[in-house]
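Source file: input15.cif; contents: mmCIF, C-alpha atoms and all ligand atoms.
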```cif
data_query
#
loop_
_atom_site.label_atom_id
_atom_site.label_comp_id
_atom_site.auth_asym_id
_atom_site.auth_seq_id
_atom_site.Cartn_x
_atom_site.Cartn_y
_atom_site.Cartn_z
CA MET A 200 0.00 0.00 0.00
CA ALA A 201 1.28 3.50 -0.83
CA LEU A 202 0.94 6.25 1.77
CA SER A 203 1.45 9.84 0.78
CA SER A 204 0.72 13.27 2.14
CA THR A 205 2.16 15.20 -0.79
CA ALA A 206 -0.07 17.25 -3.05
CA SER A 207 -1.40 15.28 -6.00
CA ALA A 208 -0.45 16.38 -9.51
CA PRO A 209 -2.17 19.66 -10.28
CA ASP A 210 -5.13 19.22 -12.58
CA GLU A 211 -4.94 22.63 -14.11
CA ALA A 212 -2.76 25.23 -15.67
CA PRO A 213 -2.94 28.38 -13.58
CA ALA A 214 -5.28 31.07 -14.86
CA THR A 215 -2.71 33.29 -16.51
CA THR A 216 -4.86 36.03 -17.97
CA SER A 217 -4.93 38.96 -15.59
CA ASP A 218 -8.04 41.13 -15.62
CA SER A 219 -6.11 44.08 -17.01
CA SER A 220 -5.16 42.11 -20.12
CA LEU A 221 -8.80 41.35 -20.93
CA GLY A 222 -10.93 43.33 -23.34
CA ASP A 223 -14.56 44.43 -23.17
CA VAL A 224 -17.39 42.12 -22.20
CA LEU A 225 -18.37 40.52 -25.53
CA CYS A 226 -20.90 38.02 -24.28
CA GLU A 227 -23.31 38.73 -21.47
CA VAL A 228 -26.23 36.70 -20.26
CA ARG A 229 -28.64 37.91 -17.61
CA ASP A 230 -31.32 35.90 -15.86
CA LEU A 231 -31.66 33.51 -18.79
CA HIS A 232 -34.46 30.97 -18.53
CA HIS A 233 -35.55 28.23 -20.89
CA ARG A 234 -38.29 25.61 -20.71
CA TYR A 235 -38.98 22.71 -23.03
CA GLY A 236 -42.69 22.38 -22.35
CA GLU A 237 -42.92 21.87 -18.59
CA HIS A 238 -39.27 20.93 -18.29
CA VAL A 239 -37.02 23.70 -16.97
CA ALA A 240 -33.64 23.52 -18.74
CA LEU A 241 -32.28 26.91 -17.62
CA ALA A 242 -33.48 28.58 -14.45
CA GLY A 243 -32.02 32.09 -14.42
CA VAL A 244 -28.39 32.04 -15.53
CA ASP A 245 -26.03 35.06 -15.42
CA LEU A 246 -22.73 34.91 -17.23
CA SER A 247 -20.21 37.15 -18.93
CA VAL A 248 -17.13 36.61 -21.11
CA ARG A 249 -14.62 39.29 -22.03
CA GLY A 250 -12.44 39.50 -25.10
CA GLY A 251 -9.27 37.48 -24.53
CA GLU A 252 -10.92 35.22 -21.99
CA ILE A 253 -11.60 31.47 -22.14
CA VAL A 254 -14.59 30.53 -20.01
CA ALA A 255 -15.59 26.91 -19.54
CA VAL A 256 -19.15 25.98 -18.66
CA LEU A 257 -18.85 22.73 -16.72
CA GLY A 258 -21.82 20.59 -15.84
CA LYS A 259 -23.14 17.06 -15.85
CA ASN A 260 -25.22 15.75 -18.74
CA GLY A 261 -28.53 17.58 -18.78
CA SER A 262 -27.38 20.58 -16.74
CA GLY A 263 -28.38 23.00 -19.53
CA LYS A 264 -25.09 23.73 -21.30
CA THR A 265 -26.25 23.00 -24.84
CA THR A 266 -29.48 24.91 -24.27
CA LEU A 267 -27.43 27.93 -23.25
CA PHE A 268 -25.46 27.65 -26.49
CA ARG A 269 -28.55 27.22 -28.62
CA LEU A 270 -29.97 30.40 -27.12
CA LEU A 271 -26.74 32.35 -27.61
CA SER A 272 -26.41 31.19 -31.18
CA THR A 273 -30.00 32.24 -32.03
CA LEU A 274 -31.09 28.64 -32.72
CA LEU A 275 -33.69 28.86 -29.95
CA PRO A 276 -35.81 31.91 -29.20
CA ILE A 277 -35.17 33.60 -25.88
CA GLN A 278 -38.15 33.05 -23.60
CA LYS A 279 -37.00 35.04 -20.59
CA GLY A 280 -33.88 37.03 -19.70
CA THR A 281 -31.37 38.70 -22.00
CA ALA A 282 -28.30 37.72 -23.98
CA ILE A 283 -26.03 40.41 -25.42
CA LEU A 284 -23.31 39.54 -27.92
CA ASP A 285 -20.79 42.18 -28.90
CA GLY A 286 -23.27 44.83 -27.76
CA LEU A 287 -26.21 43.34 -29.68
CA ASP A 288 -29.34 41.91 -28.14
CA VAL A 289 -29.52 38.33 -29.41
CA SER A 290 -33.31 38.25 -29.55
CA GLN A 291 -33.48 41.39 -31.73
CA HIS A 292 -30.47 41.22 -34.05
CA VAL A 293 -30.36 37.61 -35.19
CA HIS A 294 -28.38 38.15 -38.42
CA ALA A 295 -25.92 40.64 -36.99
CA VAL A 296 -25.32 38.37 -34.01
CA ARG A 297 -24.65 35.40 -36.28
CA SER A 298 -22.07 37.39 -38.21
CA ARG A 299 -20.18 38.11 -35.00
CA LEU A 300 -20.34 34.57 -33.73
CA GLY A 301 -18.29 31.47 -34.52
CA ILE A 302 -19.83 28.19 -33.44
CA ILE A 303 -18.58 24.66 -33.19
CA PHE A 304 -21.21 22.18 -32.13
CA GLN A 305 -20.65 18.69 -30.78
CA SER A 306 -21.58 17.00 -34.02
CA PRO A 307 -19.00 17.40 -36.81
CA SER A 308 -19.96 19.93 -39.47
CA LEU A 309 -17.35 19.20 -42.14
CA ASP A 310 -18.28 17.80 -45.52
CA ILE A 311 -15.88 14.87 -45.49
CA LYS A 312 -16.16 14.36 -49.26
CA LEU A 313 -14.69 17.82 -49.83
CA THR A 314 -11.10 18.93 -49.30
CA VAL A 315 -10.00 21.15 -46.44
CA ASP A 316 -9.82 24.08 -48.85
CA GLU A 317 -13.26 23.41 -50.29
CA ASN A 318 -14.81 23.23 -46.82
CA LEU A 319 -13.34 26.62 -45.94
CA ARG A 320 -14.39 28.18 -49.23
CA CYS A 321 -17.98 26.96 -48.90
CA GLN A 322 -18.16 28.41 -45.41
CA GLY A 323 -16.63 31.69 -46.60
CA ALA A 324 -19.21 31.95 -49.37
CA LEU A 325 -22.00 31.52 -46.79
CA TYR A 326 -20.64 34.56 -44.99
CA GLY A 327 -20.35 36.63 -48.16
CA LEU A 328 -16.58 36.33 -48.62
CA SER A 329 -15.20 35.88 -52.12
CA GLY A 330 -12.23 36.48 -54.42
CA ARG A 331 -8.92 37.66 -53.04
CA GLU A 332 -10.36 38.38 -49.61
CA LEU A 333 -11.55 34.79 -49.20
CA SER A 334 -8.29 33.32 -50.57
CA ASN A 335 -6.19 35.42 -48.23
CA ARG A 336 -8.33 34.56 -45.23
CA CYS A 337 -8.15 30.81 -46.05
CA ASP A 338 -4.34 31.01 -46.38
CA GLU A 339 -4.09 32.84 -43.09
CA LEU A 340 -6.18 30.31 -41.17
CA LEU A 341 -4.57 27.28 -42.80
CA ASP A 342 -1.24 28.68 -41.71
CA GLN A 343 -2.49 29.50 -38.19
CA PHE A 344 -3.76 25.97 -37.65
CA ALA A 345 -0.81 24.26 -39.38
CA LEU A 346 -3.07 22.85 -42.09
CA THR A 347 -1.44 24.32 -45.19
CA ASP A 348 0.14 21.05 -46.31
CA ARG A 349 -3.21 19.23 -45.91
CA ARG A 350 -5.35 21.80 -47.74
CA ARG A 351 -5.93 19.61 -50.79
CA ASP A 352 -6.71 16.48 -48.79
CA LEU A 353 -10.25 15.17 -48.49
CA CYS A 354 -11.50 15.73 -44.94
CA GLN A 355 -12.37 12.05 -44.67
CA THR A 356 -8.63 11.30 -44.68
CA LEU A 357 -7.86 13.53 -41.69
CA SER A 358 -7.44 12.42 -38.07
CA GLY A 359 -10.00 13.54 -35.46
CA GLY A 360 -7.64 16.23 -34.18
CA LEU A 361 -6.99 17.65 -37.65
CA LYS A 362 -10.71 17.67 -38.41
CA ARG A 363 -11.32 19.72 -35.25
CA ARG A 364 -8.67 22.18 -36.37
CA VAL A 365 -10.41 22.52 -39.75
CA GLU A 366 -13.68 23.11 -37.89
CA LEU A 367 -12.03 25.82 -35.83
CA ALA A 368 -10.61 27.46 -38.95
CA LYS A 369 -14.06 27.25 -40.54
CA GLY A 370 -15.69 28.87 -37.52
CA LEU A 371 -13.17 31.71 -37.63
CA LEU A 372 -13.31 32.60 -41.33
CA HIS A 373 -15.60 35.56 -40.83
CA ARG A 374 -13.51 36.91 -37.90
CA PRO A 375 -16.07 36.36 -35.13
CA ARG A 376 -15.71 38.33 -31.92
CA VAL A 377 -17.17 35.51 -29.85
CA MET A 378 -16.45 31.81 -30.29
CA LEU A 379 -18.80 29.17 -28.86
CA LEU A 380 -17.59 25.58 -28.68
CA ASP A 381 -19.86 22.81 -27.44
CA GLU A 382 -17.77 19.95 -26.01
CA PRO A 383 -14.86 20.65 -28.38
CA SER A 384 -12.69 17.80 -27.10
CA THR A 385 -15.23 15.06 -27.71
CA GLY A 386 -13.55 12.15 -29.48
CA LEU A 387 -10.06 13.64 -29.38
CA ASP A 388 -7.02 11.83 -28.02
CA PRO A 389 -4.78 13.63 -25.46
CA ALA A 390 -2.37 14.97 -28.10
CA ALA A 391 -5.20 16.36 -30.22
CA ARG A 392 -6.75 17.95 -27.11
CA LEU A 393 -3.49 19.66 -26.36
CA SER A 394 -3.28 21.01 -29.87
CA LEU A 395 -6.90 22.18 -29.70
CA TRP A 396 -6.15 24.08 -26.50
CA GLU A 397 -3.14 25.73 -28.04
CA ALA A 398 -5.41 26.90 -30.83
CA LEU A 399 -8.01 28.18 -28.34
CA GLN A 400 -5.34 30.07 -26.44
CA GLN A 401 -4.17 31.69 -29.69
CA LEU A 402 -7.74 32.72 -30.36
CA ALA A 403 -8.14 34.27 -26.95
CA ASP A 404 -4.78 36.01 -27.31
CA SER A 405 -6.12 37.65 -30.46
CA GLY A 406 -8.95 39.20 -28.42
CA VAL A 407 -11.76 36.74 -29.15
CA ALA A 408 -14.10 35.82 -26.27
CA VAL A 409 -14.11 32.02 -26.04
CA LEU A 410 -16.98 30.22 -24.33
CA LEU A 411 -16.95 26.44 -24.29
CA THR A 412 -18.95 23.70 -22.64
CA THR A 413 -17.42 20.59 -21.21
CA HIS A 414 -18.10 17.82 -18.78
CA LEU A 415 -14.37 17.12 -18.45
CA MET A 416 -12.81 18.49 -15.26
CA GLU A 417 -9.29 18.56 -16.64
CA GLU A 418 -10.48 20.58 -19.63
CA ALA A 419 -12.38 23.11 -17.51
CA ALA A 420 -9.33 23.50 -15.30
CA LYS A 421 -7.40 24.97 -18.25
CA ALA A 422 -9.84 27.82 -18.74
CA ASN A 423 -9.37 31.31 -17.29
CA ARG A 424 -12.73 30.97 -15.59
CA VAL A 425 -15.10 28.11 -14.84
CA VAL A 426 -18.86 28.38 -14.62
CA LEU A 427 -20.26 25.36 -12.77
CA MET A 428 -23.81 24.44 -13.78
CA ASP A 429 -26.26 22.09 -12.12
CA GLN A 430 -29.89 21.53 -13.08
CA GLY A 431 -30.12 24.67 -15.17
CA GLN A 432 -28.52 26.93 -12.57
CA LYS A 433 -25.11 28.47 -12.15
CA ILE A 434 -23.66 27.27 -8.86
CA ALA A 435 -20.19 28.82 -9.09
CA ASP A 436 -18.21 31.17 -11.33
CA ASP A 437 -14.53 31.85 -10.69
CA THR A 438 -10.99 30.96 -11.74
CA PRO A 439 -10.17 27.25 -11.29
CA SER A 440 -7.59 28.03 -8.62
CA ARG A 441 -9.93 30.27 -6.61
CA LEU A 442 -12.71 27.68 -6.81
CA ARG A 443 -10.38 25.05 -5.44
CA ALA A 444 -8.87 27.33 -2.83
CA GLY A 445 -12.40 28.17 -1.66
CA LEU A 446 -12.69 24.65 -0.29
CA GLY A 447 -9.66 25.16 1.93
CA GLY A 448 -7.53 22.34 3.27
CA GLY A 449 -6.83 19.13 1.44
CA VAL A 450 -8.64 16.07 0.21
CA LEU A 451 -7.97 12.53 1.33
CA THR A 452 -8.05 10.04 -1.54
CA ILE A 453 -8.32 6.35 -0.75
CA VAL A 454 -7.98 3.59 -3.35
CA PRO A 455 -9.45 0.47 -1.72
CA ASP A 456 -9.72 -3.04 -3.14
CA ASP A 457 -13.40 -3.24 -2.24
CA ILE A 458 -14.86 0.24 -2.46
CA ALA A 459 -18.30 -0.49 -0.98
CA THR A 460 -16.88 -2.29 2.05
CA ALA A 461 -14.29 0.44 2.65
CA LYS A 462 -16.94 3.17 2.48
CA GLU A 463 -19.13 1.33 4.95
CA THR A 464 -16.18 0.60 7.30
CA LEU A 465 -15.09 4.26 7.38
CA GLN A 466 -18.63 5.39 8.09
CA ARG A 467 -19.14 2.82 10.83
CA GLU A 468 -15.74 3.05 12.54
CA LEU A 469 -14.84 6.72 12.07
CA GLN A 470 -18.18 8.34 11.14
CA LEU A 471 -16.27 9.50 8.07
CA ASP A 472 -18.43 10.44 5.05
CA THR A 473 -16.70 9.77 1.73
CA GLN A 474 -17.69 10.40 -1.88
CA THR A 475 -17.14 7.67 -4.44
CA VAL A 476 -15.26 9.11 -7.41
CA GLY A 477 -14.43 6.44 -9.98
CA GLU A 478 -12.43 3.77 -8.20
CA THR A 479 -11.59 6.04 -5.25
CA LEU A 480 -13.15 7.37 -2.06
CA ARG A 481 -12.56 11.08 -1.37
CA THR A 482 -13.22 13.28 1.63
CA PRO A 483 -12.03 16.72 2.83
CA CYS A 484 -9.10 16.37 5.20
CA ASP A 485 -7.16 18.90 7.28
CA ALA A 486 -5.51 16.39 9.58
CA PRO A 487 -2.60 14.43 8.04
CA GLU A 488 -2.77 11.93 10.92
CA LEU A 489 -6.05 10.71 9.39
CA VAL A 490 -3.94 8.84 6.81
CA ALA A 491 -2.55 6.51 9.48
CA THR A 492 -5.97 6.10 11.14
CA VAL A 493 -7.68 5.20 7.86
CA SER A 494 -4.87 2.83 6.99
CA ARG A 495 -5.26 1.04 10.33
CA ILE A 496 -9.05 0.81 10.05
CA LEU A 497 -9.08 -0.48 6.47
CA GLY A 498 -6.20 -2.91 6.98
CA ASP A 499 -5.65 -5.00 3.85
CA ASN A 500 -8.56 -3.40 2.01
CA VAL A 501 -6.54 -0.48 0.69
CA GLN A 502 -4.06 0.04 -2.13
CA SER A 503 -3.09 3.64 -1.46
CA ILE A 504 -4.02 6.69 0.61
CA SER A 505 -2.93 10.22 -0.19
CA ILE A 506 -3.72 13.81 0.74
CA GLY A 507 -3.77 16.30 -2.13
CA ARG A 508 -5.28 19.59 -3.19
CA PRO A 509 -9.00 19.68 -3.97
CA ASN A 510 -9.89 19.48 -7.67
CA LEU A 511 -12.92 20.85 -9.50
CA GLU A 512 -14.78 17.61 -8.90
CA ASP A 513 -14.42 18.20 -5.15
CA VAL A 514 -15.76 21.73 -5.68
CA PHE A 515 -18.78 20.35 -7.52
CA VAL A 516 -19.44 17.79 -4.77
CA ALA A 517 -19.08 20.45 -2.07
CA LYS A 518 -21.48 22.83 -3.85
CA THR A 519 -24.15 20.30 -4.80
CA GLY A 520 -23.73 17.38 -2.41
CA LYS A 521 -23.78 15.19 -5.53
CA GLN A 522 -21.14 13.27 -7.39
CA PHE A 523 -20.13 14.66 -10.73
CA GLN A 524 -19.77 11.41 -12.68
N1 LIG A 601 -35.56 19.45 -27.32
C1 LIG A 601 -35.75 19.15 -26.02
N2 LIG A 601 -36.97 18.82 -25.57
C2 LIG A 601 -37.18 18.53 -24.26
N3 LIG A 601 -36.22 18.55 -23.32
C3 LIG A 601 -34.98 18.86 -23.72
C4 LIG A 601 -34.69 19.19 -25.09
N4 LIG A 601 -33.36 19.46 -25.19
C5 LIG A 601 -32.87 19.32 -23.93
N5 LIG A 601 -33.84 18.97 -23.07
C6 LIG A 601 -33.68 18.76 -21.62
O1 LIG A 601 -33.21 19.98 -21.04
C7 LIG A 601 -32.22 19.70 -20.07
C8 LIG A 601 -30.92 20.41 -20.45
O2 LIG A 601 -30.44 19.82 -21.65
P1 LIG A 601 -29.09 20.30 -22.35
O3 LIG A 601 -28.94 19.49 -23.61
O4 LIG A 601 -29.09 21.76 -22.44
O5 LIG A 601 -28.02 19.83 -21.27
P2 LIG A 601 -26.45 19.62 -21.43
O6 LIG A 601 -25.85 20.12 -20.16
O7 LIG A 601 -25.97 20.22 -22.68
O8 LIG A 601 -26.32 18.06 -21.52
P3 LIG A 601 -25.20 17.19 -22.34
O9 LIG A 601 -23.93 17.34 -21.60
O10 LIG A 601 -25.80 15.80 -22.22
O11 LIG A 601 -25.18 17.69 -23.75
C9 LIG A 601 -32.07 18.19 -20.00
O12 LIG A 601 -32.87 17.73 -18.93
C10 LIG A 601 -32.63 17.72 -21.32
O13 LIG A 601 -33.17 16.42 -21.20
#
```

Just give me the structure as structure tokens.
Amino acid sequence: MALSSTASAPDEAPATTSDSSLGDVLCEVRDLHHRYGEHVALAGVDLSVRGGEIVAVLGKNGSGKTTLFRLLSTLLPIQKGTAILDGLDVSQHVHAVRSRLGIIFQSPSLDIKLTVDENLRCQGALYGLSGRELSNRCDELLDQFALTDRRRDLCQTLSGGLKRRVELAKGLLHRPRVMLLDEPSTGLDPAARLSLWEALQQLADSGVAVLLTTHLMEEAAKANRVVLMDQGQKIADDTPSRLRAGLGGGVLTIVPDDIATAKETLQRELQLDTQTVGETLRTPCDAPELVATVSRILGDNVQSISIGRPNLEDVFVAKTGKQFQ
């Protein structure tokens, strides 16, 4: 069994964008509600994203993330509340809002029977670009996303990561001020995710407001700010490090052989409440001596015990009393 009281590997890059380096608020949502019939999908959400900022909306399946995006992208009418994009009221300026918005939805939007170039050109034409302007813009984006040498390849021959980069380039052709990405990492391997995040950071550095949804903790932890959603409501909104620091103290992580028995033993013997997270039991812990006590109580039924910093999953559990997964 491994015992450790050192901090676990950090799950996030620190939020590096200081407030002074951010631009104007380009996306603002106030008291946004949405119902599908009797079902409440959004119950009064407030949210803002400034130019240069990457904000991750993190929530379990069904928490309302996609609904929020559909409203912002004018695909659903706003029933109650307001959404302002680049100074324009979304419910009143549908076409102007669309021209300022880049969107990447969960489902792929590329025509895989066309080349990379052809996909970009079709998109450009939809936004009224043509001639030299369109050619120059395609060249610029292909270069930015390291796609120039693949421009004549059919999209069906590209890897998942490359396809996502083409989608990003496509979404950026018309120079949107706000970029919405719904679960952008879906289906990507770790290397492709890394490359996608580099591209997102470049975007933010160029002044674009980036708003993305995710249900991946490690992805949200890379954003400048995380908005935690649960059952159509915002339950937290801060930088990843401040959210984690807000919990204070550390978190005890136990990897038992038999998780159910260990949970029951800790409750019975120590009155210790633990949350099951994957194959582990986790609980807030400010007393390092608890490691030895838990080890003694669980005996052979434990592979490792460690104390580390809280992660965003711990924040979610603390705010909602529910497990994230
Ligand atoms: N067209 C619809 N009709 C009825 N209910 C819907 C519809 N679309 C979504 N919902 C419900 O609204 C709630 C919010 O759904 P939404 O898709 O916005 O959540 P989400 O956080 O994006 O989930 P996921 O991570 O699974 O995409 C869920 O309870 C969902 O079942």

Test item: residues no farther than 10 Å from ligand LIG 601 (chain A), counting only C-alpha atoms and all ligand atoms, as a PyMOL selection string: chain A and resi 233-241+256-270+275+305+381-382+412-414+428-431

Separation of CA of Ala461 in chain A from CA of Asn500 in chain A, in Å and rounded to one decimal: 6.9 Å

Protein/DNA/RNA residues near (-12.6, 27.7, -19.5), cut 9 Å, only C-alpha atoms, as a VMD selection string: chain A and resid 252 to 257 409 to 413 418 to 426 438 to 439

Go ahead and write the residues just picked, C-alpha atoms, as a PDB file, in the coordinates of the input.
```pdb
ATOM      1  CA  GLU A 252     -10.920  35.220 -21.990  1.00  0.00           C
ATOM      2  CA  ILE A 253     -11.600  31.470 -22.140  1.00  0.00           C
ATOM      3  CA  VAL A 254     -14.590  30.530 -20.010  1.00  0.00           C
ATOM      4  CA  ALA A 255     -15.590  26.910 -19.540  1.00  0.00           C
ATOM      5  CA  VAL A 256     -19.150  25.980 -18.660  1.00  0.00           C
ATOM      6  CA  LEU A 257     -18.850  22.730 -16.720  1.00  0.00           C
ATOM      7  CA  VAL A 409     -14.110  32.020 -26.040  1.00  0.00           C
ATOM      8  CA  LEU A 410     -16.980  30.220 -24.330  1.00  0.00           C
ATOM      9  CA  LEU A 411     -16.950  26.440 -24.290  1.00  0.00           C
ATOM     10  CA  THR A 412     -18.950  23.700 -22.640  1.00  0.00           C
ATOM     11  CA  THR A 413     -17.420  20.590 -21.210  1.00  0.00           C
ATOM     12  CA  GLU A 418     -10.480  20.580 -19.630  1.00  0.00           C
ATOM     13  CA  ALA A 419     -12.380  23.110 -17.510  1.00  0.00           C
ATOM     14  CA  ALA A 420      -9.330  23.500 -15.300  1.00  0.00           C
ATOM     15  CA  LYS A 421      -7.400  24.970 -18.250  1.00  0.00           C
ATOM     16  CA  ALA A 422      -9.840  27.820 -18.740  1.00  0.00           C
ATOM     17  CA  ASN A 423      -9.370  31.310 -17.290  1.00  0.00           C
ATOM     18  CA  ARG A 424     -12.730  30.970 -15.590  1.00  0.00           C
ATOM     19  CA  VAL A 425     -15.100  28.110 -14.840  1.00  0.00           C
ATOM     20  CA  VAL A 426     -18.860  28.380 -14.620  1.00  0.00           C
ATOM     21  CA  THR A 438     -10.990  30.960 -11.740  1.00  0.00           C
ATOM     22  CA  PRO A 439     -10.170  27.250 -11.290  1.00  0.00           C
TER      23      PRO A 439
END
```

Closest-contact table, range 338-374 of chain A side, partner range 288-304 of chain A, 7 Å, counting only C-alpha atoms, as a tab-separated table:
```
residue	atom	partner	partner_atom	distance
A:Glu366	CA	A:Ile303	CA	7.0
A:Gly370	CA	A:Gly301	CA	4.7
A:Leu371	CA	A:Gly301	CA	6.0
```

May I have the centre and edge lengths, in Å to one decimal, of an axis-aligned box around the listed atoms of range 227-238 of chain A with 6 Å added to every side, as lines of an AutoDock Vina configuration file?
```
center_x = -33.1
center_y = 29.8
center_z = -19.4
size_x = 31.6
size_y = 29.8
size_z = 19.2
```

Option closest in space to Trp396 in chain A, from A:Ala324, A:Leu380, A:Leu221, A:Leu231 [counting only C-alpha atoms]: A:Leu380

One-decimal distance in Å that lies between CA of Arg376 in chain A and CA of Val228 in chain A: 15.8 Å

Write out as a compact mmCIF listing (two decimals) with C-alpha atoms, in the coordinates of the input the residues lying within 12 Å of Gly498 in chain A, counting only C-alpha atoms and excluding same-chain residues fewer than 5 positions away.
```txt
# COMPACT_ATOMS: atom_id res chain seq x y z
CA MET A 200 0.00 0.00 0.00
CA PRO A 455 -9.45 0.47 -1.72
CA ASP A 456 -9.72 -3.04 -3.14
CA ASP A 457 -13.40 -3.24 -2.24
CA THR A 460 -16.88 -2.29 2.05
CA ALA A 461 -14.29 0.44 2.65
CA THR A 464 -16.18 0.60 7.30
CA LEU A 465 -15.09 4.26 7.38
CA VAL A 490 -3.94 8.84 6.81
CA ALA A 491 -2.55 6.51 9.48
CA THR A 492 -5.97 6.10 11.14
CA VAL A 493 -7.68 5.20 7.86
CA SER A 503 -3.09 3.64 -1.46
CA ILE A 504 -4.02 6.69 0.61
```

Which polymer residues, protein or nucleic acid, are no farther than 10 Å from (-5.5, 22.3, -31.1), counting all atoms listed in the file, as a PDB file with C-alpha atoms, keeping the file's coordinate frame?
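Printed below is selection-v5.pdb as written:
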```pdb
ATOM      1  CA  PHE A 344      -3.760  25.970 -37.650  1.00  0.00           C
ATOM      2  CA  ALA A 345      -0.810  24.260 -39.380  1.00  0.00           C
ATOM      3  CA  GLY A 360      -7.640  16.230 -34.180  1.00  0.00           C
ATOM      4  CA  LEU A 361      -6.990  17.650 -37.650  1.00  0.00           C
ATOM      5  CA  ARG A 363     -11.320  19.720 -35.250  1.00  0.00           C
ATOM      6  CA  ARG A 364      -8.670  22.180 -36.370  1.00  0.00           C
ATOM      7  CA  VAL A 365     -10.410  22.520 -39.750  1.00  0.00           C
ATOM      8  CA  LEU A 367     -12.030  25.820 -35.830  1.00  0.00           C
ATOM      9  CA  PRO A 383     -14.860  20.650 -28.380  1.00  0.00           C
ATOM     10  CA  SER A 384     -12.690  17.800 -27.100  1.00  0.00           C
ATOM     11  CA  LEU A 387     -10.060  13.640 -29.380  1.00  0.00           C
ATOM     12  CA  ALA A 390      -2.370  14.970 -28.100  1.00  0.00           C
ATOM     13  CA  ALA A 391      -5.200  16.360 -30.220  1.00  0.00           C
ATOM     14  CA  ARG A 392      -6.750  17.950 -27.110  1.00  0.00           C
ATOM     15  CA  LEU A 393      -3.490  19.660 -26.360  1.00  0.00           C
ATOM     16  CA  SER A 394      -3.280  21.010 -29.870  1.00  0.00           C
ATOM     17  CA  LEU A 395      -6.900  22.180 -29.700  1.00  0.00           C
ATOM     18  CA  TRP A 396      -6.150  24.080 -26.500  1.00  0.00           C
ATOM     19  CA  GLU A 397      -3.140  25.730 -28.040  1.00  0.00           C
ATOM     20  CA  ALA A 398      -5.410  26.900 -30.830  1.00  0.00           C
ATOM     21  CA  LEU A 399      -8.010  28.180 -28.340  1.00  0.00           C
ATOM     22  CA  GLN A 400      -5.340  30.070 -26.440  1.00  0.00           C
ATOM     23  CA  GLN A 401      -4.170  31.690 -29.690  1.00  0.00           C
TER      24      GLN A 401
END
```

CA of Leu328 in chain A to CA of Leu225 in chain A, distance in Å rounded to a single decimal: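 Result for CA of Leu328 in chain A versus CA of Leu225 in chain A: 23.5 Å, one decimal.
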
Spatial neighbours of Gly406 in chain A, 8 Å, all atoms listed in the file, chain gap at least 2 places, as a ChimeraX atom specification: /A:221-222,250-252,376,402-404,408

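Ranking A:Arg441, A:Arg351, A:Arg495, A:His373 by their shortest atom-to-atom distance to Tyr326 in chain A, with all atoms listed in the file included, puts A:His373 first.
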
For Thr475 in chain A, the nearest of the candidates A:Lys462, A:Arg349, A:Lys362, A:Arg320, counting all atoms listed in the file: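 Nearest to Thr475 in chain A: A:Lys462.
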